[in-house]
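Q: Dropping in run-v2.cif, with mmCIF, C-alpha atoms and all ligand atoms.
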```
data_start
#
loop_
_atom_site.group_PDB
_atom_site.id
_atom_site.type_symbol
_atom_site.label_atom_id
_atom_site.label_comp_id
_atom_site.auth_asym_id
_atom_site.auth_seq_id
_atom_site.Cartn_x
_atom_site.Cartn_y
_atom_site.Cartn_z
ATOM 1 C CA MET A 101 0.000 0.000 0.000
ATOM 2 C CA LEU A 102 1.395 3.376 -1.041
ATOM 3 C CA ASP A 103 2.090 5.908 1.737
ATOM 4 C CA PRO A 104 -0.495 8.689 1.146
ATOM 5 C CA ASP A 105 2.319 11.233 1.527
ATOM 6 C CA TYR A 106 4.588 9.481 -0.999
ATOM 7 C CA ILE A 107 4.162 12.212 -3.645
ATOM 8 C CA ARG A 108 3.829 15.133 -1.233
ATOM 9 C CA LYS A 109 7.110 14.370 0.544
ATOM 10 C CA ARG A 110 8.988 14.402 -2.758
ATOM 11 C CA ILE A 111 7.904 17.888 -3.874
ATOM 12 C CA ARG A 112 10.551 20.483 -3.117
ATOM 13 C CA SER A 113 9.484 23.812 -1.652
ATOM 14 C CA VAL A 114 11.668 26.749 -2.659
ATOM 15 C CA PRO A 115 10.909 29.905 -0.650
ATOM 16 C CA ASP A 116 10.994 33.332 -2.288
ATOM 17 C CA TRP A 117 11.215 32.063 -5.862
ATOM 18 C CA PRO A 118 10.698 33.501 -8.472
ATOM 19 C CA GLN A 119 9.960 36.484 -6.211
ATOM 20 C CA PRO A 120 9.795 37.279 -2.479
ATOM 21 C CA GLY A 121 6.730 35.799 -0.758
ATOM 22 C CA ILE A 122 6.143 32.985 -3.282
ATOM 23 C CA VAL A 123 6.889 29.404 -2.211
ATOM 24 C CA PHE A 124 7.633 27.562 -5.440
ATOM 25 C CA ARG A 125 6.481 23.915 -5.347
ATOM 26 C CA ASP A 126 9.107 22.222 -7.469
ATOM 27 C CA ILE A 127 8.067 18.893 -9.019
ATOM 28 C CA THR A 128 11.441 18.102 -10.612
ATOM 29 C CA PRO A 129 12.409 15.648 -7.804
ATOM 30 C CA LEU A 130 9.334 13.587 -8.795
ATOM 31 C CA LEU A 131 10.566 13.396 -12.379
ATOM 32 C CA GLN A 132 14.177 12.701 -11.512
ATOM 33 C CA ASP A 133 13.657 9.497 -9.542
ATOM 34 C CA PRO A 134 12.590 6.578 -11.782
ATOM 35 C CA ARG A 135 10.403 4.945 -9.110
ATOM 36 C CA THR A 136 8.652 8.181 -8.249
ATOM 37 C CA LEU A 137 8.082 9.090 -11.891
ATOM 38 C CA ARG A 138 6.434 5.698 -12.423
ATOM 39 C CA VAL A 139 4.162 6.091 -9.375
ATOM 40 C CA LEU A 140 3.230 9.620 -10.430
ATOM 41 C CA VAL A 141 2.303 8.631 -13.986
ATOM 42 C CA ASP A 142 0.488 5.490 -12.836
ATOM 43 C CA LEU A 143 -1.693 7.465 -10.411
ATOM 44 C CA PHE A 144 -3.085 9.400 -13.376
ATOM 45 C CA VAL A 145 -3.202 6.453 -15.781
ATOM 46 C CA HIS A 146 -5.110 4.347 -13.241
ATOM 47 C CA ARG A 147 -7.751 7.061 -12.902
ATOM 48 C CA TYR A 148 -8.163 7.956 -16.561
ATOM 49 C CA MET A 149 -7.975 4.561 -18.284
ATOM 50 C CA SER A 150 -11.769 4.235 -17.915
ATOM 51 C CA TYR A 151 -12.663 7.783 -19.007
ATOM 52 C CA GLU A 152 -13.102 7.176 -22.752
ATOM 53 C CA LEU A 153 -10.920 10.145 -23.656
ATOM 54 C CA ASP A 154 -9.904 11.244 -27.154
ATOM 55 C CA LEU A 155 -6.885 13.411 -26.295
ATOM 56 C CA VAL A 156 -4.682 14.709 -23.516
ATOM 57 C CA ALA A 157 -3.794 18.423 -23.578
ATOM 58 C CA GLY A 158 -0.906 19.791 -21.512
ATOM 59 C CA ILE A 159 -0.129 23.357 -20.499
ATOM 60 C CA ASP A 160 3.254 24.996 -21.187
ATOM 61 C CA ALA A 161 5.706 23.878 -19.878
ATOM 62 C CA ARG A 162 5.553 21.392 -16.995
ATOM 63 C CA GLY A 163 2.141 20.189 -18.176
ATOM 64 C CA PHE A 164 3.919 18.914 -21.302
ATOM 65 C CA ILE A 165 6.132 16.557 -19.323
ATOM 66 C CA LEU A 166 3.420 14.817 -17.352
ATOM 67 C CA GLY A 167 0.711 15.181 -20.001
ATOM 68 C CA SER A 168 2.672 13.581 -22.807
ATOM 69 C CA ILE A 169 3.678 10.555 -20.733
ATOM 70 C CA VAL A 170 0.086 10.078 -19.530
ATOM 71 C CA ALA A 171 -1.172 10.414 -23.131
ATOM 72 C CA TYR A 172 1.308 7.800 -24.339
ATOM 73 C CA GLU A 173 0.358 5.382 -21.574
ATOM 74 C CA LEU A 174 -3.364 5.849 -22.307
ATOM 75 C CA ASN A 175 -2.731 5.253 -26.025
ATOM 76 C CA LEU A 176 -3.931 8.777 -26.810
ATOM 77 C CA GLY A 177 -2.519 11.734 -28.713
ATOM 78 C CA PHE A 178 -1.136 14.825 -26.997
ATOM 79 C CA VAL A 179 -1.945 18.509 -27.636
ATOM 80 C CA PRO A 180 0.348 21.302 -26.388
ATOM 81 C CA ILE A 181 -1.242 24.503 -25.124
ATOM 82 C CA ARG A 182 1.608 26.966 -25.527
ATOM 83 C CA LYS A 183 2.530 30.427 -24.442
ATOM 84 C CA LYS A 184 1.967 33.103 -27.073
ATOM 85 C CA GLY A 185 4.093 33.096 -30.199
ATOM 86 C CA LYS A 186 5.504 29.559 -30.050
ATOM 87 C CA LEU A 187 3.155 27.563 -32.282
ATOM 88 C CA PRO A 188 3.978 27.721 -36.017
ATOM 89 C CA PHE A 189 0.617 26.945 -37.651
ATOM 90 C CA ALA A 190 -2.769 28.767 -37.435
ATOM 91 C CA THR A 191 -3.699 29.327 -33.798
ATOM 92 C CA LEU A 192 -6.508 30.364 -31.477
ATOM 93 C CA ALA A 193 -5.560 32.525 -28.491
ATOM 94 C CA GLN A 194 -6.927 33.085 -25.002
ATOM 95 C CA ASP A 195 -5.839 35.869 -22.661
ATOM 96 C CA TYR A 196 -5.854 35.447 -18.884
ATOM 97 C CA GLU A 197 -4.968 37.480 -15.818
ATOM 98 C CA LEU A 198 -1.820 36.970 -13.790
ATOM 99 C CA GLU A 199 -1.149 38.391 -10.329
ATOM 100 C CA TYR A 200 0.588 41.277 -12.105
ATOM 101 C CA GLY A 201 -0.489 41.839 -15.712
ATOM 102 C CA SER A 202 -1.828 39.299 -18.175
ATOM 103 C CA ALA A 203 -0.681 36.446 -20.406
ATOM 104 C CA THR A 204 -1.884 34.552 -23.457
ATOM 105 C CA VAL A 205 -1.973 30.867 -24.330
ATOM 106 C CA GLU A 206 -2.479 29.442 -27.808
ATOM 107 C CA VAL A 207 -3.459 26.198 -29.483
ATOM 108 C CA HIS A 208 -3.338 25.039 -33.085
ATOM 109 C CA THR A 209 -6.715 25.334 -34.810
ATOM 110 C CA ASP A 210 -6.597 21.655 -35.838
ATOM 111 C CA ALA A 211 -5.485 20.393 -32.413
ATOM 112 C CA CYS A 212 -8.789 18.710 -31.646
ATOM 113 C CA ARG A 213 -12.101 17.995 -33.318
ATOM 114 C CA PRO A 214 -15.600 19.049 -32.288
ATOM 115 C CA GLY A 215 -16.925 16.634 -29.689
ATOM 116 C CA ASP A 216 -13.496 15.363 -28.582
ATOM 117 C CA ARG A 217 -13.249 14.458 -24.904
ATOM 118 C CA VAL A 218 -10.055 16.021 -23.583
ATOM 119 C CA LEU A 219 -8.105 15.617 -20.351
ATOM 120 C CA LEU A 220 -6.273 18.861 -19.479
ATOM 121 C CA ILE A 221 -3.064 18.549 -17.434
ATOM 122 C CA ASP A 222 -0.778 21.016 -15.677
ATOM 123 C CA ASP A 223 1.617 20.616 -12.755
ATOM 124 C CA LEU A 224 -0.085 23.010 -10.325
ATOM 125 C CA ILE A 225 -3.255 25.053 -9.780
ATOM 126 C CA ALA A 226 -2.755 28.423 -8.081
ATOM 127 C CA THR A 227 -5.344 31.064 -9.078
ATOM 128 C CA GLY A 228 -6.716 28.702 -11.744
ATOM 129 C CA GLY A 229 -6.320 31.300 -14.502
ATOM 130 C CA THR A 230 -3.987 29.216 -16.649
ATOM 131 C CA MET A 231 -6.153 26.111 -16.597
ATOM 132 C CA LEU A 232 -9.302 28.130 -17.177
ATOM 133 C CA ALA A 233 -7.684 29.687 -20.264
ATOM 134 C CA GLY A 234 -6.719 26.219 -21.520
ATOM 135 C CA MET A 235 -10.260 24.984 -20.973
ATOM 136 C CA LYS A 236 -11.665 27.939 -22.932
ATOM 137 C CA LEU A 237 -9.287 27.275 -25.836
ATOM 138 C CA ILE A 238 -10.348 23.638 -26.070
ATOM 139 C CA GLY A 239 -13.964 24.817 -25.899
ATOM 140 C CA LYS A 240 -13.397 27.245 -28.776
ATOM 141 C CA LEU A 241 -12.406 24.256 -30.906
ATOM 142 C CA GLY A 242 -15.728 22.597 -30.096
ATOM 143 C CA ALA A 243 -14.121 19.948 -27.890
ATOM 144 C CA ARG A 244 -14.784 19.440 -24.177
ATOM 145 C CA VAL A 245 -12.406 19.224 -21.235
ATOM 146 C CA VAL A 246 -13.901 16.386 -19.208
ATOM 147 C CA GLU A 247 -11.500 16.898 -16.305
ATOM 148 C CA GLY A 248 -8.564 19.042 -15.274
ATOM 149 C CA ALA A 249 -5.681 17.273 -13.546
ATOM 150 C CA ALA A 250 -2.659 18.548 -11.664
ATOM 151 C CA ILE A 251 -0.128 17.236 -9.209
ATOM 152 C CA VAL A 252 -0.519 20.157 -6.769
ATOM 153 C CA ASP A 253 -3.436 22.350 -5.691
ATOM 154 C CA LEU A 254 -2.968 25.536 -3.657
ATOM 155 C CA PRO A 255 -6.603 25.735 -2.439
ATOM 156 C CA GLU A 256 -5.997 28.919 -0.432
ATOM 157 C CA LEU A 257 -5.656 30.865 -3.696
ATOM 158 C CA GLY A 258 -9.144 29.808 -4.747
ATOM 159 C CA GLY A 259 -8.197 28.462 -8.194
ATOM 160 C CA SER A 260 -9.597 24.973 -7.763
ATOM 161 C CA ALA A 261 -12.893 26.374 -6.397
ATOM 162 C CA ARG A 262 -13.034 28.802 -9.316
ATOM 163 C CA LEU A 263 -12.476 26.021 -11.854
ATOM 164 C CA ARG A 264 -15.097 23.780 -10.273
ATOM 165 C CA ALA A 265 -17.537 26.724 -10.237
ATOM 166 C CA ALA A 266 -16.846 27.133 -13.974
ATOM 167 C CA GLY A 267 -18.023 23.537 -14.448
ATOM 168 C CA LEU A 268 -14.646 21.793 -14.647
ATOM 169 C CA PRO A 269 -14.224 18.638 -12.554
ATOM 170 C CA LEU A 270 -10.715 18.638 -11.086
ATOM 171 C CA HIS A 271 -8.356 15.987 -9.802
ATOM 172 C CA CYS A 272 -5.211 16.983 -7.879
ATOM 173 C CA LEU A 273 -2.914 14.601 -6.027
ATOM 174 C CA VAL A 274 -1.771 16.842 -3.171
ATOM 175 C CA GLU A 275 -2.496 20.185 -1.529
ATOM 176 C CA PHE A 276 -0.080 22.757 -0.115
ATOM 177 C CA ASP A 277 -0.453 26.084 1.650
ATOM 178 C CA ALA A 278 0.200 28.969 -0.690
ATOM 179 C CA ARG A 279 2.834 30.484 1.587
ATOM 180 C CA GLY A 280 4.716 28.430 4.115
HETATM 181 P P1 LIG B 1 -2.443 29.891 -11.965
HETATM 182 O O1 LIG B 1 -2.794 30.293 -13.354
HETATM 183 O O2 LIG B 1 -2.411 31.047 -11.019
HETATM 184 O O3 LIG B 1 -3.300 28.743 -11.471
HETATM 185 O O4 LIG B 1 -0.953 29.398 -11.985
HETATM 186 C C1 LIG B 1 -0.655 28.096 -12.381
HETATM 187 C C2 LIG B 1 0.590 28.066 -13.230
HETATM 188 O O5 LIG B 1 1.654 28.818 -12.652
HETATM 189 C C3 LIG B 1 1.074 26.640 -13.381
HETATM 190 O O6 LIG B 1 1.451 26.448 -14.737
HETATM 191 C C4 LIG B 1 2.247 26.545 -12.428
HETATM 192 O O7 LIG B 1 3.306 25.850 -13.038
HETATM 193 C C5 LIG B 1 2.665 27.976 -12.114
HETATM 194 N N1 LIG B 1 2.714 28.272 -10.654
HETATM 195 C C6 LIG B 1 1.978 29.203 -10.001
HETATM 196 N N2 LIG B 1 2.281 29.255 -8.698
HETATM 197 C C7 LIG B 1 3.227 28.308 -8.493
HETATM 198 C C8 LIG B 1 3.945 27.830 -7.327
HETATM 199 N N3 LIG B 1 3.744 28.341 -6.105
HETATM 200 N N4 LIG B 1 4.828 26.812 -7.485
HETATM 201 C C9 LIG B 1 5.026 26.277 -8.719
HETATM 202 N N5 LIG B 1 4.401 26.674 -9.845
HETATM 203 C C10 LIG B 1 3.510 27.684 -9.744
#
```
As structure tokens, what does this structure read like?
Ligand code: AMP
A:
Amino acid sequence: MLDPDYIRKRIRSVPDWPQPGIVFRDITPLLQDPRTLRVLVDLFVHRYMSYELDLVAGIDARGFILGSIVAYELNLGFVPIRKKGKLPFATLAQDYELEYGSATVEVHTDACRPGDRVLLIDDLIATGGTMLAGMKLIGKLGARVVEGAAIVDLPELGGSARLRAAGLPLHCLVEFDARG
């Protein structure tokens, strides 16, 4: 039986990065250890193998790492949702608010088909703005995000509540305080 804290204990907390007051929850130790990487991927694969999905979409950049492995293991294709200006073909864009300022994510116009059932993956939910933008992009293509998944939720920042209120079921493996 897996220790419920197995994943949590292996996430590194880096205080005051990238700016004072932020505790960065670093998932790279999970990726670095072959046993931990396998447990991490299997936790998602076990959940989603019965979901009848068409695609996995991952959010730039850590969502690409986890999302593409999960897609491969589920025998599905992978769609990158990228930061503005990185995708070479025709794109759709979605703006979203950051703590200071705003940002834009993009997806290729042929990334999914109307009616596709999509799993949307990122490493962490803070304010929820990034995942909400990804969900809107998939929606603009006529597809549907059936669930959002992340390794970490920072519930204090209200992102997961905001996403659920917007109609997105969410699955996160662990929770942390936003600061501390
Ligand atoms: P948000 O849009 O506010 O939910 O922010 C989520 C995005 O920002 C994810 O792609 C995370 O990788 C990154 N992020 C925000 N806060 C943190 C944090 N404390 N530790 C690690 N990544 C973070």
Q: Around ligand LIG 1 (chain B), out to 6 Å and counting only C-alpha atoms and all ligand atoms, which residues are there? I want them as an NGL selection string.
A: :A and (122-126 or 222-230 or 259)
Q: What would the selection look like, as a PyMOL selection string, if the PyMOL selection byres (((chain A and resi 238) around 12) and not hetatm) were run on the coordinates I just shared?
A: chain A and resi 155-159+179-181+191-194+205-220+231-237+239-248
Q: Please define a box with edges along x, y and z of the file around all atoms of region 196-201 of chain A given in the file, extend it by 4 Å on each side, and return its centre and edge lengths in Å to one decimal, as JSON.
A:
```
{"center_x": -2.6, "center_y": 38.6, "center_z": -14.6, "size_x": 14.4, "size_y": 14.4, "size_z": 16.6}
```
Q: Just to confirm, what's the straight-line distance from CA of Pro118 (chain A) to CA of Arg182 (chain A) in Å (one decimal)?
A: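 Atom-to-atom, CA of Pro118 (chain A) to CA of Arg182 (chain A), that is 20.4 Å.
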Q: With all atoms listed in the file as the counted atoms, please give the residues lying no more than 7 Å from Ala278 (chain A), apart from itself and same-chain residues fewer than 6 positions off, as a list in words.
A: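 Near neighbours after the sequence-gap exclusion: Val123, Leu254, Glu256 and Leu257 of chain A.
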Q: Store the residues picked out above, limited to C-alpha atoms, as an mmCIF file, keeping the file's coordinate frame.
A:
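Now in selection.cif:
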```
data_model
loop_
_atom_site.group_PDB
_atom_site.id
_atom_site.type_symbol
_atom_site.label_atom_id
_atom_site.label_comp_id
_atom_site.auth_asym_id
_atom_site.auth_seq_id
_atom_site.Cartn_x
_atom_site.Cartn_y
_atom_site.Cartn_z
ATOM 1 C CA VAL A 123 6.889 29.404 -2.211
ATOM 2 C CA LEU A 254 -2.968 25.536 -3.657
ATOM 3 C CA GLU A 256 -5.997 28.919 -0.432
ATOM 4 C CA LEU A 257 -5.656 30.865 -3.696
#
```
Q: State, in Å with one decimal place, the distance from CA of Arg262 (chain A) to CA of Gly201 (chain A).
A: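 Between CA of Arg262 (chain A) and CA of Gly201 (chain A) the gap works out to 19.2 Å.
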Q: What is the CA of Ile165 (chain A) to CA of Leu153 (chain A) distance in Å?
A: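 Going from CA of Ile165 (chain A) over to CA of Leu153 (chain A) covers 18.7 Å.
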Q: Name the residues, using the chain letters and numbers of the file, that sit within 9 Å of (7.9, 22.5, -0.6) when counting only C-alpha atoms, and give them as a list of chain:residue names.
A: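 Checking each residue against the 9 Å limit leaves A:Arg108, A:Lys109, A:Arg110, A:Ile111, A:Arg112, A:Ser113, A:Val114, A:Pro115, A:Val123, A:Phe124, A:Arg125, A:Asp126, A:Phe276, A:Gly280.
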Q: Report as a VMD selection string the full result of the PyMOL selection byres (((chain A and resi 135-149) around 8) and not hetatm) when it is applied to this structure.
A: chain A and resid 107 130 to 134 150 to 153 166 169 to 170 173 to 174
Q: Which of these residues is nearest to Ile251 (chain A), using all atoms listed in the file: A:Arg162, A:Lys186, A:Arg264, A:Arg279?
A: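 Of all the options, A:Arg162 lies closest to Ile251 (chain A).
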Q: Please provide as a PyMOL selection string all residues within 8 Å of Ala203 (chain A), with the sequence filter that same-chain residues fewer than 5 positions apart are discarded (counting all atoms listed in the file).
A: chain A and resi 183-184+195-198
Q: Please determine, counting only C-alpha atoms, which residue among A:Ile221, A:His271, A:Ala266, A:Asp277 has the shortest atom-to-atom distance to Ser168 (chain A).
A: A:Ile221
